[in-house]
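Structure file structure_30.txt; described as compact mmCIF, C-alpha atoms.
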```
# COMPACT_ATOMS: atom_id res chain seq x y z
CA MET O 1 22.92 6.47 9.14
CA PRO O 2 20.89 4.27 6.77
CA THR O 3 19.43 5.75 3.63
CA ILE O 4 15.81 5.13 2.73
CA SER O 5 14.96 6.14 -0.80
CA ASN O 6 11.70 7.50 -2.12
CA LYS O 7 11.36 4.29 -4.13
CA ASP O 8 11.66 2.25 -0.93
CA ILE O 9 8.99 4.36 0.75
CA GLU O 10 6.65 4.12 -2.25
CA ALA O 11 7.10 0.36 -2.50
CA GLU O 12 6.37 -0.08 1.22
CA ALA O 13 3.34 2.26 1.04
CA ARG O 14 1.96 0.28 -1.89
CA SER O 15 2.51 -2.97 -0.03
CA LEU O 16 0.78 -1.70 3.11
CA LEU O 17 -2.22 -0.41 1.18
CA ARG O 18 -2.50 -3.55 -0.94
CA LYS O 19 -2.47 -5.73 2.17
CA GLN O 20 -5.10 -3.58 3.89
CA ILE O 21 -7.44 -3.69 0.90
CA GLN O 22 -6.94 -7.43 0.32
CA GLU O 23 -7.78 -8.17 3.94
CA SER O 24 -10.86 -5.99 3.83
CA ALA O 25 -14.23 -6.79 2.38
CA TRP O 26 -13.77 -4.43 -0.56
CA TYR O 27 -15.35 -5.60 -3.81
CA PRO O 28 -16.79 -8.91 -2.53
CA TRP O 29 -19.15 -9.19 -5.51
CA MET O 30 -16.31 -9.31 -8.07
CA LYS O 31 -14.66 -12.35 -9.55
CA GLU O 32 -11.21 -12.83 -8.03
CA ALA O 33 -9.28 -11.73 -11.14
CA ASP O 34 -11.40 -8.58 -11.45
CA ARG O 35 -11.02 -7.88 -7.74
CA ARG O 36 -7.21 -8.17 -7.97
CA ARG O 37 -7.17 -5.80 -10.94
CA ARG O 38 -9.38 -3.30 -9.12
CA ILE O 39 -7.21 -3.47 -6.01
CA GLU O 40 -4.09 -2.75 -8.10
CA GLU O 41 -5.89 0.24 -9.63
CA ASP O 42 -6.71 1.50 -6.15
CA VAL O 43 -3.12 0.98 -5.02
CA ASP O 44 -1.89 2.96 -8.03
CA ARG O 45 -4.30 5.79 -7.20
CA TYR O 46 -3.99 5.98 -3.41
CA TRP O 47 -0.62 4.55 -2.30
CA TYR O 48 0.44 8.00 -1.09
CA VAL O 49 -1.99 7.81 1.86
CA LYS O 50 0.35 5.24 3.43
CA VAL O 51 3.59 7.23 2.99
CA SER O 52 3.83 8.30 6.63
CA GLU O 53 3.18 4.78 7.93
CA ALA O 54 5.62 3.31 5.41
CA SER O 55 8.33 5.80 6.37
CA ARG O 56 7.94 5.02 10.08
CA LYS O 57 8.04 1.29 9.41
CA LEU O 58 11.20 1.51 7.29
CA LEU O 59 12.91 3.74 9.85
CA ASP O 60 12.00 1.30 12.62
CA GLN O 61 13.37 -1.60 10.57
CA ALA O 62 16.58 0.33 10.00
CA GLY O 63 16.90 0.93 13.75
CA VAL O 64 16.48 4.69 13.50
CA ASN O 65 14.38 6.33 16.19
CA SER O 66 11.57 8.27 14.54
CA PRO O 67 9.84 11.23 16.20
```

Take the structure in the file and give it back as structure tokens.
Amino acid sequence: MPTISNKDIEAEARSLLRKQIQESAWYPWMKEADRRRRIEEDVDRYWYVKVSEASRKLLDQAGVNSP
């Protein structure tokens, strides 16, 4: 059975959240460099909200059936 580490889950959760925020209309008034910085701050604060989604995605990629 494949092993998925907490670091793997956190990295995937951060990636999912970053992508969602970047594709949204968050902070449209900011200069691009400031917007990127703000998005990274948000990712640092809120990555944990994507843990469940990240876990499911990694399990699916590993070929493990998730409940």

**OP:** Identify the residues within 8 Å of coordinate (8.9, 4.7, 3.1) (same frame as the file), considering only C-alpha atoms, and give the answer as a ChimeraX atom specification.
**Re:** /O:4-13,51-59

Using all atoms listed in the file - which residues lie no farther than 7 Å from the point (-4.5, 0.6, 0.2) in the file's frame? Write them as a PDB file with C-alpha atoms, keeping the file's coordinate frame.
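And here is the file that came out, selection-v4.pdb:
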```
ATOM      1  CA  ARG O  14       1.960   0.280  -1.890  1.00  0.00           C
ATOM      2  CA  LEU O  16       0.780  -1.700   3.110  1.00  0.00           C
ATOM      3  CA  LEU O  17      -2.220  -0.410   1.180  1.00  0.00           C
ATOM      4  CA  ARG O  18      -2.500  -3.550  -0.940  1.00  0.00           C
ATOM      5  CA  LYS O  19      -2.470  -5.730   2.170  1.00  0.00           C
ATOM      6  CA  GLN O  20      -5.100  -3.580   3.890  1.00  0.00           C
ATOM      7  CA  ILE O  21      -7.440  -3.690   0.900  1.00  0.00           C
ATOM      8  CA  ASP O  42      -6.710   1.500  -6.150  1.00  0.00           C
ATOM      9  CA  VAL O  43      -3.120   0.980  -5.020  1.00  0.00           C
ATOM     10  CA  TYR O  46      -3.990   5.980  -3.410  1.00  0.00           C
ATOM     11  CA  TRP O  47      -0.620   4.550  -2.300  1.00  0.00           C
TER      12      TRP O  47
END
```

Test item: axis-aligned box, all listed atoms of region 46-54 of chain O, 8 Å on each side, centre and edges in Å rounded to one decimal, as lines of an AutoDock Vina configuration file:
```
center_x = 0.8
center_y = 5.8
center_z = 2.3
size_x = 25.6
size_y = 21.0
size_z = 27.3
```

Original post:
At what distance in Å, to one decimal, does CA of Pro2 (chain O) lie from CA of Ala62 (chain O)?
Top reply: 6.7 Å

Original post:
Between CA of Ile39 (chain O) and CA of Trp26 (chain O), what is the spacing in Å?
Top reply: 8.6 Å

**OP:** One decimal, Å: what's the distance from CA of Gly63 (chain O) over to CA of Thr3 (chain O), could you say?
**Re:**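 Those two atoms sit 11.5 Å apart.
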
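If all atoms listed in the file are the atoms counted, then among O:Trp29, O:Val64, O:Ser24, O:Ser15 the closest residue to Asp44 (chain O) is O:Ser15.
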
Pull out region 3-17 of chain O, keep N, CA and C atoms, and write it as a short mmCIF file (atom, residue, chain, number, x, y, z; two decimals), in the first residue's frame.
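Okay, this is what ended up in part_13.cif:
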```
data_model
loop_
_atom_site.label_atom_id
_atom_site.label_comp_id
_atom_site.auth_asym_id
_atom_site.auth_seq_id
_atom_site.Cartn_x
_atom_site.Cartn_y
_atom_site.Cartn_z
N THR O 3 2.38 4.95 0.65
CA THR O 3 2.39 5.83 1.82
C THR O 3 2.30 7.27 1.34
N ILE O 4 1.39 8.01 1.96
CA ILE O 4 1.25 9.43 1.66
C ILE O 4 1.54 10.17 2.95
N SER O 5 2.59 10.97 2.93
CA SER O 5 3.03 11.66 4.14
C SER O 5 2.23 12.93 4.40
N ASN O 6 2.31 13.41 5.61
CA ASN O 6 1.67 14.68 5.96
C ASN O 6 2.23 15.81 5.11
N LYS O 7 3.54 15.75 4.82
CA LYS O 7 4.15 16.78 3.98
C LYS O 7 3.55 16.76 2.57
N ASP O 8 3.31 15.55 2.06
CA ASP O 8 2.69 15.43 0.73
C ASP O 8 1.30 16.04 0.73
N ILE O 9 0.53 15.75 1.78
CA ILE O 9 -0.83 16.27 1.88
C ILE O 9 -0.81 17.79 2.00
N GLU O 10 0.08 18.31 2.84
CA GLU O 10 0.17 19.77 3.00
C GLU O 10 0.57 20.43 1.68
N ALA O 11 1.54 19.88 1.00
CA ALA O 11 1.99 20.46 -0.26
C ALA O 11 0.84 20.48 -1.29
N GLU O 12 0.09 19.38 -1.35
CA GLU O 12 -1.03 19.32 -2.30
C GLU O 12 -2.13 20.29 -1.90
N ALA O 13 -2.42 20.39 -0.61
CA ALA O 13 -3.45 21.32 -0.12
C ALA O 13 -3.06 22.76 -0.45
N ARG O 14 -1.81 23.10 -0.25
CA ARG O 14 -1.32 24.44 -0.58
C ARG O 14 -1.48 24.70 -2.09
N SER O 15 -1.12 23.72 -2.87
CA SER O 15 -1.21 23.87 -4.33
C SER O 15 -2.66 24.07 -4.78
N LEU O 16 -3.55 23.28 -4.23
CA LEU O 16 -4.97 23.40 -4.58
C LEU O 16 -5.52 24.77 -4.20
N LEU O 17 -5.20 25.23 -3.01
CA LEU O 17 -5.70 26.53 -2.56
C LEU O 17 -5.10 27.66 -3.38
#
```
